[in-house]
file model28.txt (compact mmCIF, C-alpha atoms)
# COMPACT_ATOMS: atom_id res chain seq x y z
CA MET A 30 -19.56 20.36 -46.84
CA ASN A 31 -20.40 16.80 -45.82
CA ARG A 32 -24.16 16.28 -46.28
CA ASN A 33 -27.04 17.30 -48.54
CA ILE A 34 -30.13 18.40 -46.61
CA LEU A 35 -33.52 19.38 -48.00
CA ILE A 36 -35.72 21.71 -45.98
CA LEU A 37 -39.33 21.95 -47.10
CA GLY A 38 -40.72 25.38 -46.27
CA GLY A 39 -37.55 26.51 -44.56
CA THR A 40 -37.97 30.28 -44.40
CA GLY A 41 -40.09 30.55 -41.25
CA ALA A 42 -39.50 31.03 -37.54
CA ILE A 43 -37.44 27.84 -37.15
CA GLY A 44 -36.28 27.10 -40.68
CA SER A 45 -34.36 30.34 -41.18
CA TYR A 46 -32.27 29.65 -38.07
CA LEU A 47 -31.83 26.00 -39.00
CA THR A 48 -30.51 26.97 -42.44
CA GLU A 49 -27.97 29.26 -40.85
CA ILE A 50 -26.76 26.55 -38.47
CA ILE A 51 -26.43 23.58 -40.82
CA SER A 52 -25.14 25.53 -43.84
CA ARG A 53 -21.89 26.13 -41.97
CA GLU A 54 -20.82 22.62 -42.95
CA ASP A 55 -23.56 21.07 -45.10
CA HIS A 56 -25.30 21.96 -48.34
CA VAL A 57 -28.87 23.03 -47.71
CA PHE A 58 -31.63 23.02 -50.32
CA ILE A 59 -34.64 25.11 -49.25
CA THR A 60 -38.06 25.22 -50.87
CA SER A 61 -40.13 28.38 -50.79
CA ARG A 62 -43.05 29.74 -52.78
CA LYS A 63 -41.27 33.10 -52.92
CA GLU A 64 -38.00 33.86 -54.65
CA HIS A 65 -34.95 33.95 -52.37
CA HIS A 66 -31.23 34.36 -52.99
CA SER A 67 -28.17 33.75 -50.86
CA ASP A 68 -24.49 34.53 -51.26
CA ASN A 69 -23.68 31.43 -49.23
CA PRO A 70 -22.49 28.72 -51.67
CA HIS A 71 -23.84 26.09 -49.25
CA ILE A 72 -27.44 27.35 -49.68
CA THR A 73 -29.67 26.68 -52.68
CA TYR A 74 -33.21 28.02 -52.81
CA ILE A 75 -35.81 26.20 -54.88
CA GLN A 76 -38.90 28.23 -55.76
CA ILE A 77 -41.86 25.83 -55.65
CA ASN A 78 -44.98 25.13 -53.64
CA ALA A 79 -43.85 22.21 -51.48
CA LYS A 80 -47.50 21.37 -50.71
CA ASP A 81 -47.83 20.27 -54.34
CA LYS A 82 -46.90 16.60 -54.54
CA ASN A 83 -45.88 16.77 -58.20
CA SER A 84 -43.42 19.57 -57.44
CA ILE A 85 -41.82 17.43 -54.74
CA ILE A 86 -41.59 14.48 -57.11
CA LYS A 87 -39.89 16.75 -59.62
CA ILE A 88 -37.27 17.80 -57.06
CA LEU A 89 -36.61 14.26 -55.90
CA ASN A 90 -36.20 13.11 -59.53
CA SER A 91 -34.06 16.06 -60.58
CA LYS A 92 -30.78 14.50 -59.42
CA ILE A 93 -29.70 17.66 -57.58
CA VAL A 94 -27.93 15.20 -55.31
CA GLU A 95 -26.21 12.02 -56.45
CA ASP A 96 -28.10 9.71 -54.11
CA ARG A 97 -30.69 10.22 -51.39
CA PHE A 98 -30.77 13.32 -49.23
CA ASP A 99 -28.99 12.82 -45.94
CA ALA A 100 -31.96 14.46 -44.27
CA ILE A 101 -35.29 16.01 -45.19
CA ILE A 102 -36.72 18.43 -42.65
CA ASP A 103 -40.37 19.14 -43.34
CA PHE A 104 -42.01 22.32 -42.06
CA MET A 105 -45.09 21.99 -44.26
CA VAL A 106 -48.49 21.74 -42.58
CA TYR A 107 -50.37 18.83 -44.13
CA SER A 108 -53.83 17.41 -43.81
CA LEU A 109 -53.89 13.78 -42.75
CA GLU A 110 -54.61 12.71 -46.32
CA GLU A 111 -51.81 14.82 -47.77
CA LEU A 112 -49.24 13.26 -45.46
CA GLU A 113 -50.52 9.73 -46.12
CA GLU A 114 -50.18 10.14 -49.87
CA ARG A 115 -46.57 11.37 -49.80
CA VAL A 116 -44.98 9.86 -46.70
CA ASP A 117 -43.48 6.85 -48.50
CA LEU A 118 -42.14 9.11 -51.23
CA LEU A 119 -40.37 11.30 -48.69
CA LEU A 120 -39.07 8.44 -46.56
CA GLY A 121 -37.71 6.77 -49.67
CA ALA A 122 -35.75 9.85 -50.66
CA THR A 123 -33.73 10.34 -47.48
CA ASN A 124 -31.73 8.69 -44.73
CA GLN A 125 -33.67 10.66 -42.10
CA TYR A 126 -37.01 12.41 -42.41
CA PHE A 127 -37.98 14.95 -39.75
CA PHE A 128 -41.68 15.32 -39.03
CA ILE A 129 -42.48 18.51 -37.11
CA SER A 130 -45.28 17.73 -34.69
CA SER A 131 -46.24 19.73 -31.60
CA ALA A 132 -46.25 19.51 -27.81
CA ARG A 133 -49.95 20.33 -28.13
CA VAL A 134 -50.57 16.60 -28.68
CA TYR A 135 -50.24 15.86 -24.95
CA SER A 136 -53.04 15.56 -22.44
CA ASP A 137 -52.74 16.95 -18.91
CA MET A 138 -52.56 13.54 -17.23
CA GLU A 139 -48.84 13.64 -16.42
CA THR A 140 -46.40 16.27 -15.15
CA PRO A 141 -43.67 16.81 -16.12
CA ILE A 142 -44.44 15.75 -19.68
CA LYS A 143 -42.12 13.19 -21.25
CA GLU A 144 -42.07 11.88 -24.81
CA ASP A 145 -44.17 8.85 -23.81
CA SER A 146 -46.74 10.85 -21.82
CA PRO A 147 -50.41 10.30 -22.77
CA ARG A 148 -51.66 12.15 -25.84
CA LEU A 149 -55.10 13.73 -26.16
CA LEU A 150 -55.93 11.50 -29.10
CA ASP A 151 -55.41 8.39 -26.97
CA VAL A 152 -57.07 9.39 -23.68
CA SER A 153 -59.66 12.10 -24.30
CA LYS A 154 -63.29 11.12 -23.60
CA ASP A 155 -64.67 14.20 -25.36
CA GLU A 156 -66.36 12.62 -28.37
CA LYS A 157 -67.28 15.96 -29.92
CA TYR A 158 -63.67 17.09 -29.71
CA LEU A 159 -62.37 13.78 -31.05
CA SER A 160 -64.63 14.13 -34.08
CA THR A 161 -62.91 17.37 -35.12
CA ASN A 162 -59.77 18.02 -37.13
CA GLU A 163 -58.28 20.12 -34.34
CA TYR A 164 -54.54 20.72 -34.64
CA ALA A 165 -53.43 18.54 -31.71
CA LEU A 166 -55.50 15.59 -32.92
CA ILE A 167 -54.30 15.82 -36.52
CA LYS A 168 -50.66 15.98 -35.40
CA ALA A 169 -51.14 12.88 -33.23
CA LYS A 170 -52.80 10.98 -36.07
CA GLN A 171 -49.94 11.96 -38.36
CA GLU A 172 -47.45 10.74 -35.76
CA ASN A 173 -49.25 7.38 -35.84
CA ILE A 174 -48.46 7.05 -39.54
CA PHE A 175 -44.79 6.85 -38.57
CA TYR A 176 -45.24 4.67 -35.50
CA GLU A 177 -47.12 2.12 -37.57
CA LYS A 178 -44.13 1.85 -39.91
CA ILE A 179 -41.96 0.46 -37.12
CA GLN A 180 -43.68 -2.91 -37.60
CA ARG A 181 -42.35 -2.93 -41.17
CA GLY A 182 -38.85 -2.01 -40.07
CA VAL A 183 -39.09 1.55 -41.44
CA VAL A 184 -37.49 3.81 -38.86
CA ASN A 185 -35.62 6.44 -40.90
CA TRP A 186 -37.72 9.21 -39.34
CA THR A 187 -37.60 11.49 -36.31
CA ILE A 188 -40.58 13.23 -34.73
CA VAL A 189 -39.93 16.65 -33.21
CA ARG A 190 -42.39 18.17 -30.74
CA PRO A 191 -41.61 21.83 -30.03
CA SER A 192 -43.57 23.66 -27.40
CA LEU A 193 -44.66 27.22 -28.05
CA THR A 194 -42.03 28.58 -30.44
CA TYR A 195 -41.41 32.30 -30.75
CA SER A 196 -39.41 34.61 -32.99
CA ASP A 197 -39.83 38.11 -34.39
CA GLN A 198 -42.27 36.50 -36.84
CA ARG A 199 -44.38 34.83 -34.14
CA LEU A 200 -45.19 36.32 -30.74
CA GLN A 201 -48.05 34.66 -28.87
CA LEU A 202 -50.08 35.82 -25.89
CA GLY A 203 -52.25 33.01 -24.60
CA VAL A 204 -54.13 31.84 -27.70
CA LEU A 205 -53.52 35.15 -29.47
CA GLU A 206 -51.02 35.51 -32.28
CA LYS A 207 -49.30 38.87 -32.72
CA GLU A 208 -51.97 39.61 -35.37
CA ASN A 209 -54.53 39.45 -32.55
CA TRP A 210 -52.82 41.52 -29.88
CA LEU A 211 -49.75 43.44 -31.12
CA TYR A 212 -51.58 44.70 -34.19
CA ARG A 213 -54.26 46.21 -31.96
CA CYS A 214 -51.65 47.77 -29.73
CA LEU A 215 -49.80 49.44 -32.62
CA LYS A 216 -53.10 50.77 -33.98
CA GLY A 217 -53.88 52.43 -30.65
CA ARG A 218 -56.59 49.98 -29.58
CA PRO A 219 -56.44 48.10 -26.25
CA ILE A 220 -55.03 44.60 -26.08
CA VAL A 221 -57.88 42.25 -25.14
CA PHE A 222 -56.75 39.47 -22.83
CA SER A 223 -58.57 37.23 -20.35
CA GLU A 224 -58.38 36.47 -16.64
CA ASP A 225 -58.91 32.74 -17.17
CA LEU A 226 -55.45 32.39 -18.75
CA MET A 227 -53.36 34.69 -16.58
CA GLU A 228 -52.35 32.16 -13.92
CA HIS A 229 -51.66 29.21 -16.25
CA TYR A 230 -48.13 28.09 -17.08
CA TYR A 231 -46.69 27.36 -20.49
CA SER A 232 -43.30 26.38 -21.89
CA PHE A 233 -41.63 28.53 -24.52
CA CYS A 234 -38.65 28.05 -26.79
CA SER A 235 -37.07 30.40 -29.30
CA GLY A 236 -37.06 29.41 -32.95
CA GLU A 237 -33.28 29.47 -32.84
CA ASP A 238 -33.10 27.02 -29.96
CA VAL A 239 -35.58 24.64 -31.60
CA ALA A 240 -33.36 24.82 -34.68
CA LYS A 241 -30.32 23.93 -32.56
CA GLY A 242 -32.19 20.94 -31.22
CA ILE A 243 -33.16 19.71 -34.69
CA ALA A 244 -29.63 20.23 -36.02
CA SER A 245 -28.22 18.16 -33.17
CA LEU A 246 -30.37 15.18 -34.24
CA ILE A 247 -29.38 15.10 -37.90
CA GLY A 248 -27.50 11.92 -38.74
CA ARG A 249 -27.85 10.49 -35.24
CA GLU A 250 -28.83 6.82 -35.28
CA GLU A 251 -30.23 7.14 -31.76
CA ALA A 252 -32.74 9.68 -33.08
CA LEU A 253 -34.31 7.33 -35.62
CA GLY A 254 -37.78 5.91 -35.02
CA THR A 255 -38.49 8.06 -31.99
CA SER A 256 -39.70 11.49 -30.84
CA PHE A 257 -38.18 14.45 -29.00
CA ASN A 258 -39.61 17.35 -27.01
CA ILE A 259 -37.56 20.44 -27.82
CA VAL A 260 -38.56 22.76 -25.00
CA GLN A 261 -37.22 25.04 -22.29
CA SER A 262 -36.52 23.76 -18.80
CA LYS A 263 -38.71 26.46 -17.27
CA SER A 264 -42.38 27.37 -17.71
CA TYR A 265 -43.94 30.81 -17.31
CA GLN A 266 -47.32 32.21 -16.36
CA TRP A 267 -49.15 34.20 -19.02
CA LYS A 268 -49.42 37.18 -16.68
CA ASP A 269 -45.62 37.36 -16.69
CA ILE A 270 -45.52 37.16 -20.50
CA LEU A 271 -48.09 39.96 -20.74
CA LYS A 272 -46.02 42.12 -18.40
CA LEU A 273 -42.87 41.41 -20.41
CA TYR A 274 -44.64 42.55 -23.58
CA LEU A 275 -46.04 45.68 -21.96
CA ASP A 276 -42.71 46.63 -20.37
CA SER A 277 -40.87 46.12 -23.67
CA ILE A 278 -43.35 48.16 -25.70
CA GLU A 279 -43.25 50.95 -23.11
CA GLU A 280 -39.47 50.91 -23.22
CA TYR A 281 -39.47 51.05 -27.03
CA TYR A 282 -42.26 53.60 -27.63
CA GLY A 283 -42.39 55.51 -24.36
CA TYR A 284 -46.00 54.66 -23.58
CA ARG A 285 -47.69 51.67 -21.95
CA PRO A 286 -50.41 49.97 -23.99
CA ASP A 287 -53.92 49.67 -22.56
CA VAL A 288 -55.20 46.20 -21.70
CA PHE A 289 -58.89 45.31 -21.54
CA MET A 290 -59.45 42.19 -19.42
CA THR A 291 -62.34 39.81 -20.02
CA LYS A 292 -63.36 37.01 -17.67
CA THR A 293 -62.82 34.31 -20.31
CA SER A 294 -61.00 34.15 -23.62
CA THR A 295 -62.99 35.57 -26.53
CA ASN A 296 -61.69 32.64 -28.60
CA LEU A 297 -64.22 30.48 -26.72
CA LEU A 298 -66.95 32.23 -28.70
CA PHE A 299 -65.71 30.62 -31.92
CA GLU A 300 -66.18 26.90 -32.56
CA SER A 301 -62.96 26.69 -34.59
CA ARG A 302 -60.88 28.40 -31.90
CA LYS A 303 -62.24 27.17 -28.59
CA TYR A 304 -60.35 23.88 -28.33
CA GLN A 305 -56.96 25.56 -28.31
CA VAL A 306 -58.11 27.30 -25.14
CA ILE A 307 -59.68 24.25 -23.52
CA TYR A 308 -57.11 21.60 -24.47
CA ALA A 309 -53.94 23.66 -24.51
CA ARG A 310 -53.91 26.98 -22.68
CA TYR A 311 -56.04 25.79 -19.77
CA TYR A 312 -53.35 23.17 -19.11
CA ASP A 313 -50.30 24.02 -16.99
CA ARG A 314 -47.42 22.79 -19.16
CA PHE A 315 -44.17 21.60 -17.55
CA PHE A 316 -41.81 19.43 -19.61
CA ASP A 317 -38.98 16.99 -19.03
CA ASN A 318 -36.40 17.84 -21.71
CA SER A 319 -33.75 15.34 -20.60
CA LYS A 320 -34.07 13.31 -23.81
CA ILE A 321 -33.07 16.13 -26.16
CA ALA A 322 -30.50 17.27 -23.58
CA LYS A 323 -28.39 14.24 -24.55
CA PHE A 324 -27.82 15.88 -27.94
CA VAL A 325 -27.83 19.63 -27.28
CA ASN A 326 -27.06 21.72 -24.21
CA VAL A 327 -30.51 22.89 -23.14
CA GLU A 328 -28.93 25.09 -20.47
CA ASP A 329 -27.73 27.30 -23.34
CA PHE A 330 -31.30 27.89 -24.54
CA LEU A 331 -32.24 31.57 -24.28
CA PRO A 332 -34.23 32.47 -21.16
CA VAL A 333 -37.63 33.85 -22.14
CA GLU A 334 -36.85 37.09 -20.30
CA ILE A 335 -34.10 37.71 -22.88
CA GLY A 336 -35.17 35.86 -26.00
CA LEU A 337 -38.84 36.90 -26.11
CA LYS A 338 -37.99 40.50 -25.32
CA ASP A 339 -35.36 40.60 -28.08
CA SER A 340 -37.78 39.03 -30.58
CA LEU A 341 -40.46 41.61 -29.76
CA LYS A 342 -38.04 44.50 -30.15
CA LYS A 343 -36.86 43.13 -33.48
CA CYS A 344 -40.47 42.91 -34.61
CA LEU A 345 -41.19 46.47 -33.47
CA GLN A 346 -38.33 47.77 -35.61
CA LYS A 347 -40.16 46.57 -38.72
CA PRO A 348 -43.64 45.30 -37.86
CA LYS A 349 -45.06 42.80 -40.33
CA PHE A 350 -48.42 41.11 -39.93
CA ASN A 351 -50.11 38.22 -41.67
CA ASN A 352 -53.86 38.17 -42.33
CA ILE A 353 -55.88 39.77 -39.56
CA PRO A 354 -58.88 37.70 -38.33
CA TRP A 355 -61.52 40.39 -38.54
CA ASP A 356 -64.22 38.35 -36.85
CA LEU A 357 -62.14 38.11 -33.68
CA GLU A 358 -60.99 41.73 -34.02
CA ALA A 359 -64.60 42.82 -34.20
CA VAL A 360 -65.56 40.91 -31.05
CA ASN A 361 -62.59 42.38 -29.19
CA ASP A 362 -63.51 45.87 -30.43
CA ARG A 363 -67.11 45.41 -29.32
CA LEU A 364 -66.14 44.29 -25.81
CA SER A 365 -63.52 47.02 -25.38
CA LYS A 366 -65.81 49.66 -26.97
CA SER A 367 -63.34 50.27 -29.78
CA TRP A 368 -63.78 50.67 -33.52
CA THR A 369 -61.49 49.80 -36.41
CA PRO A 370 -61.75 52.32 -39.27
CA LEU A 371 -63.17 50.51 -42.29
CA ASN A 372 -60.43 51.90 -44.53
CA GLU A 373 -58.00 49.84 -42.44
CA ILE A 374 -59.74 46.63 -43.51
CA LYS A 375 -58.91 45.29 -46.95
CA GLY A 376 -61.66 43.82 -49.10
CA VAL A 377 -65.44 44.16 -49.04
CA LYS A 378 -65.97 40.67 -47.59
CA GLN A 379 -63.67 41.39 -44.65
CA LYS A 380 -65.38 44.73 -44.02
CA ILE A 381 -68.77 43.00 -43.94
CA THR A 382 -67.43 40.29 -41.62
CA TYR A 383 -66.08 42.93 -39.26
CA LEU A 384 -69.36 44.87 -39.17
CA ILE A 385 -71.46 41.76 -38.57
CA PHE A 386 -69.38 40.69 -35.58
CA ARG A 387 -68.83 44.24 -34.30
CA LEU A 388 -72.56 44.96 -34.30
CA ASN A 389 -73.33 41.46 -33.01
CA PHE A 390 -75.73 40.58 -35.84
CA GLY A 391 -75.67 36.87 -35.06
CA TRP A 392 -78.78 36.15 -37.11
CA ILE A 393 -76.90 37.26 -40.26
CA ILE A 394 -74.04 34.90 -39.42
CA ARG A 395 -76.50 32.01 -39.22
CA MET A 396 -78.04 32.98 -42.57
CA VAL A 397 -74.66 33.45 -44.27
CA PRO A 398 -72.41 30.84 -42.59
CA ARG A 399 -69.55 31.29 -45.04
CA LEU A 400 -68.81 34.89 -44.04
call {"tool": "encode", "arguments": {"input": "model28.txt", "output": "structure tokens"}}
result
Amino acid sequence: MNRNILILGGTGAIGSYLTEIISREDHVFITSRKEHHSDNPHITYIQINAKDKNSIIKILNSKIVEDRFDAIIDFMVYSLEELEERVDLLLGATNQYFFISSARVYSDMETPIKEDSPRLLDVSKDEKYLSTNEYALIKAKQENIFYEKIQRGVVNWTIVRPSLTYSDQRLQLGVLEKENWLYRCLKGRPIVFSEDLMEHYYSFCSGEDVAKGIASLIGREEALGTSFNIVQSKSYQWKDILKLYLDSIEEYYGYRPDVFMTKTSTNLLFESRKYQVIYARYYDRFFDNSKIAKFVNVEDFLPVEIGLKDSLKKCLQKPKFNNIPWDLEAVNDRLSKSWTPLNEIKGVKQKITYLIFRLNFGWIIRMVPRL
């Protein structure tokens, strides 16, 4: 046990694998809002809300390590203001702070994408888009917080940009999370997908492989003050991912799910969801991963044909879903001529939301914008 490493929010799709990898030699402290226990003496869980700045201050002042943490790996999703108000605190408490950004920050101006390829924030001419707090823009602005610190000689940070990361907890289809497509499938309703995404390419990487990439950068001086794309060498079309899902479900359950195809993604109907389609999934994503390949063998990364299939089967053994977006479910039900039984929907507000969108009562939505 050589180093003390703090992982903020480390129980998700990447963090759980990362804990397993680095706890083989190092002591890992993991924050989580839920109670967790481990028999591994190298793992210590700390039950707090890591989004609460005072809780983080309490940990950093608790002297659970003699000096600074050797590394802090931060999986929390912050607003721009939240990161600004705590970044100096976090950088001051560690030899190396890992900021988890996203490959979504890139524009489509260069292929293959390298770490210094143009970002949407820097080159987009879409003023309406630039005025939003869309995920790719916020991540790029947060990256700038670190880049600006170079002028002050502060470089004890590493930016990580994973592409689309999957695990049994997260299985995406185009812009759809498993809560948008697999949930429907398991409830006997058709998967609703769109022709406009089928031919586009995207890069995938398993949560375990992203974790391997992060672990390989811990304590590396060459990784300070710079960014890394942790991605697969190969990209895949969404039509191939859909087929992989359908084949795997048929193999597991003995029946092939129905698919209802629309011309365009139903996410385009929602202001808060449309930019992920336009500025991410409409792009064909091919990456140059030679920079991270200097630290980890990217040829050992799981091929999607194996890794994604295994993750789906693991999920099917014990399906678990986060909150279902009933507005989108209702639209997909309406287009595919399906209905969700109201007793399947928890809460009166969610039932009302579903009915409004299912029956296409747009005038009610305008009158009650908070639904």
call {"tool": "closest_residue", "arguments": {"input": "model28.txt", "among": "A:Thr40, A:Arg363, A:Glu300, A:Arg314", "to": "Met138 (chain A)", "atoms": "only C-alpha atoms"}}
result
A:Arg314
call {"tool": "residues_near_point", "arguments": {"input": "model28.txt", "point": "(-30.5, 20.1, -45.3)", "cutoff": "10 Å", "atoms": "only C-alpha atoms", "output": "short mmCIF file (atom, residue, chain, number, x, y, z; two decimals) with C-alpha atoms, in the coordinates of the input"}}
result
data_model
loop_
_atom_site.label_atom_id
_atom_site.label_comp_id
_atom_site.auth_asym_id
_atom_site.auth_seq_id
_atom_site.Cartn_x
_atom_site.Cartn_y
_atom_site.Cartn_z
CA ARG A 32 -24.16 16.28 -46.28
CA ASN A 33 -27.04 17.30 -48.54
CA ILE A 34 -30.13 18.40 -46.61
CA LEU A 35 -33.52 19.38 -48.00
CA ILE A 36 -35.72 21.71 -45.98
CA LEU A 37 -39.33 21.95 -47.10
CA GLY A 39 -37.55 26.51 -44.56
CA LEU A 47 -31.83 26.00 -39.00
CA THR A 48 -30.51 26.97 -42.44
CA ILE A 51 -26.43 23.58 -40.82
CA SER A 52 -25.14 25.53 -43.84
CA ASP A 55 -23.56 21.07 -45.10
CA HIS A 56 -25.30 21.96 -48.34
CA VAL A 57 -28.87 23.03 -47.71
CA PHE A 58 -31.63 23.02 -50.32
CA ILE A 59 -34.64 25.11 -49.25
CA HIS A 71 -23.84 26.09 -49.25
CA ILE A 72 -27.44 27.35 -49.68
CA THR A 73 -29.67 26.68 -52.68
CA PHE A 98 -30.77 13.32 -49.23
CA ASP A 99 -28.99 12.82 -45.94
CA ALA A 100 -31.96 14.46 -44.27
CA ILE A 101 -35.29 16.01 -45.19
CA ILE A 102 -36.72 18.43 -42.65
CA ALA A 244 -29.63 20.23 -36.02
CA ILE A 247 -29.38 15.10 -37.90
#
call {"tool": "closest_residue", "arguments": {"input": "model28.txt", "among": "A:Glu228, A:Asp96, A:Asp356, A:Asp287", "to": "Ile270 (chain A)", "atoms": "only C-alpha atoms"}}
result
A:Glu228
call {"tool": "atom_distance", "arguments": {"input": "model28.txt", "atom1": "CA of Asn185 (chain A)", "atom2": "CA of Gln125 (chain A)"}}
result
4.8 Å
call {"tool": "residues_near_point", "arguments": {"input": "model28.txt", "point": "(-39.1, 42.7, -31.3)", "cutoff": "10 Å", "atoms": "all atoms listed in the file", "output": "VMD selection string"}}
result
chain A and resid 196 to 200 274 277 to 278 281 336 to 348
call {"tool": "write_last_selection", "arguments": {"input": "model28.txt", "atoms": "C-alpha atoms", "output": "PDB file, in the coordinates of the input"}}
result
ATOM      1  CA  SER A 196     -39.410  34.610 -32.990  1.00  0.00           C
ATOM      2  CA  ASP A 197     -39.830  38.110 -34.390  1.00  0.00           C
ATOM      3  CA  GLN A 198     -42.270  36.500 -36.840  1.00  0.00           C
ATOM      4  CA  ARG A 199     -44.380  34.830 -34.140  1.00  0.00           C
ATOM      5  CA  LEU A 200     -45.190  36.320 -30.740  1.00  0.00           C
ATOM      6  CA  TYR A 274     -44.640  42.550 -23.580  1.00  0.00           C
ATOM      7  CA  SER A 277     -40.870  46.120 -23.670  1.00  0.00           C
ATOM      8  CA  ILE A 278     -43.350  48.160 -25.700  1.00  0.00           C
ATOM      9  CA  TYR A 281     -39.470  51.050 -27.030  1.00  0.00           C
ATOM     10  CA  GLY A 336     -35.170  35.860 -26.000  1.00  0.00           C
ATOM     11  CA  LEU A 337     -38.840  36.900 -26.110  1.00  0.00           C
ATOM     12  CA  LYS A 338     -37.990  40.500 -25.320  1.00  0.00           C
ATOM     13  CA  ASP A 339     -35.360  40.600 -28.080  1.00  0.00           C
ATOM     14  CA  SER A 340     -37.780  39.030 -30.580  1.00  0.00           C
ATOM     15  CA  LEU A 341     -40.460  41.610 -29.760  1.00  0.00           C
ATOM     16  CA  LYS A 342     -38.040  44.500 -30.150  1.00  0.00           C
ATOM     17  CA  LYS A 343     -36.860  43.130 -33.480  1.00  0.00           C
ATOM     18  CA  CYS A 344     -40.470  42.910 -34.610  1.00  0.00           C
ATOM     19  CA  LEU A 345     -41.190  46.470 -33.470  1.00  0.00           C
ATOM     20  CA  GLN A 346     -38.330  47.770 -35.610  1.00  0.00           C
ATOM     21  CA  LYS A 347     -40.160  46.570 -38.720  1.00  0.00           C
ATOM     22  CA  PRO A 348     -43.640  45.300 -37.860  1.00  0.00           C
TER      23      PRO A 348
END
call {"tool": "atom_distance", "arguments": {"input": "model28.txt", "atom1": "CA of Leu271 (chain A)", "atom2": "CA of Gln201 (chain A)"}}
result
9.7 Å
call {"tool": "residues_around", "arguments": {"input": "model28.txt", "residues": "Thr60 (chain A)", "least_positions_apart": "5", "cutoff": "6 Å", "atoms": "all atoms listed in the file", "output": "PyMOL selection string"}}
result
chain A and resi 37-38+74-76
call {"tool": "residues_around", "arguments": {"input": "model28.txt", "residues": "Ile129 (chain A)", "least_positions_apart": "6", "cutoff": "7 Å", "atoms": "all atoms listed in the file", "output": "ChimeraX atom specification"}}
result
/A:103-104,188-190
call {"tool": "write_last_selection", "arguments": {"input": "model28.txt", "atoms": "C-alpha atoms", "output": "PDB file, in the coordinates of the input"}}
result
ATOM      1  CA  ASP A 103     -40.370  19.140 -43.340  1.00  0.00           C
ATOM      2  CA  PHE A 104     -42.010  22.320 -42.060  1.00  0.00           C
ATOM      3  CA  ILE A 188     -40.580  13.230 -34.730  1.00  0.00           C
ATOM      4  CA  VAL A 189     -39.930  16.650 -33.210  1.00  0.00           C
ATOM      5  CA  ARG A 190     -42.390  18.170 -30.740  1.00  0.00           C
TER       6      ARG A 190
END
call {"tool": "residues_around", "arguments": {"input": "model28.txt", "residues": "region 365-381 of chain A", "least_positions_apart": "6", "cutoff": "12 Å", "atoms": "all atoms listed in the file", "output": "mmCIF file with C-alpha atoms, keeping the file's coordinate frame"}}
result
data_model
loop_
_atom_site.group_PDB
_atom_site.id
_atom_site.type_symbol
_atom_site.label_atom_id
_atom_site.label_comp_id
_atom_site.auth_asym_id
_atom_site.auth_seq_id
_atom_site.Cartn_x
_atom_site.Cartn_y
_atom_site.Cartn_z
ATOM 1 C CA TYR A 212 -51.580 44.700 -34.190
ATOM 2 C CA ARG A 213 -54.260 46.210 -31.960
ATOM 3 C CA CYS A 214 -51.650 47.770 -29.730
ATOM 4 C CA LYS A 216 -53.100 50.770 -33.980
ATOM 5 C CA GLY A 217 -53.880 52.430 -30.650
ATOM 6 C CA ARG A 218 -56.590 49.980 -29.580
ATOM 7 C CA PRO A 219 -56.440 48.100 -26.250
ATOM 8 C CA ILE A 220 -55.030 44.600 -26.080
ATOM 9 C CA VAL A 221 -57.880 42.250 -25.140
ATOM 10 C CA PHE A 222 -56.750 39.470 -22.830
ATOM 11 C CA ASP A 287 -53.920 49.670 -22.560
ATOM 12 C CA VAL A 288 -55.200 46.200 -21.700
ATOM 13 C CA PHE A 289 -58.890 45.310 -21.540
ATOM 14 C CA MET A 290 -59.450 42.190 -19.420
ATOM 15 C CA THR A 291 -62.340 39.810 -20.020
ATOM 16 C CA THR A 295 -62.990 35.570 -26.530
ATOM 17 C CA ASN A 352 -53.860 38.170 -42.330
ATOM 18 C CA ILE A 353 -55.880 39.770 -39.560
ATOM 19 C CA PRO A 354 -58.880 37.700 -38.330
ATOM 20 C CA TRP A 355 -61.520 40.390 -38.540
ATOM 21 C CA ASP A 356 -64.220 38.350 -36.850
ATOM 22 C CA LEU A 357 -62.140 38.110 -33.680
ATOM 23 C CA GLU A 358 -60.990 41.730 -34.020
ATOM 24 C CA ALA A 359 -64.600 42.820 -34.200
ATOM 25 C CA ARG A 387 -68.830 44.240 -34.300
ATOM 26 C CA LEU A 388 -72.560 44.960 -34.300
ATOM 27 C CA ASN A 389 -73.330 41.460 -33.010
ATOM 28 C CA PHE A 390 -75.730 40.580 -35.840
ATOM 29 C CA ILE A 393 -76.900 37.260 -40.260
ATOM 30 C CA ILE A 394 -74.040 34.900 -39.420
ATOM 31 C CA VAL A 397 -74.660 33.450 -44.270
ATOM 32 C CA ARG A 399 -69.550 31.290 -45.040
ATOM 33 C CA LEU A 400 -68.810 34.890 -44.040
#
call {"tool": "atom_distance", "arguments": {"input": "model28.txt", "atom1": "CA of Asn162 (chain A)", "atom2": "CA of Ser45 (chain A)"}}
result
28.5 Å
call {"tool": "closest_residue", "arguments": {"input": "model28.txt", "among": "A:Tyr282, A:Tyr126, A:Tyr164, A:Tyr383", "to": "Val183 (chain A)", "atoms": "all atoms listed in the file"}}
result
A:Tyr126
call {"tool": "closest_residue", "arguments": {"input": "model28.txt", "among": "A:Asn351, A:Pro286, A:Tyr230, A:Tyr308", "to": "Glu208 (chain A)", "atoms": "all atoms listed in the file"}}
result
A:Asn351
call {"tool": "residues_around", "arguments": {"input": "model28.txt", "residues": "Glu144 (chain A)", "least_positions_apart": "6", "cutoff": "8 Å", "atoms": "only C-alpha atoms", "output": "PyMOL selection string"}}
result
chain A and resi 256-258
call {"tool": "write_last_selection", "arguments": {"input": "model28.txt", "atoms": "C-alpha atoms", "output": "PDB file, keeping the file's coordinate frame"}}
result
ATOM      1  CA  SER A 256     -39.700  11.490 -30.840  1.00  0.00           C
ATOM      2  CA  PHE A 257     -38.180  14.450 -29.000  1.00  0.00           C
ATOM      3  CA  ASN A 258     -39.610  17.350 -27.010  1.00  0.00           C
TER       4      ASN A 258
END
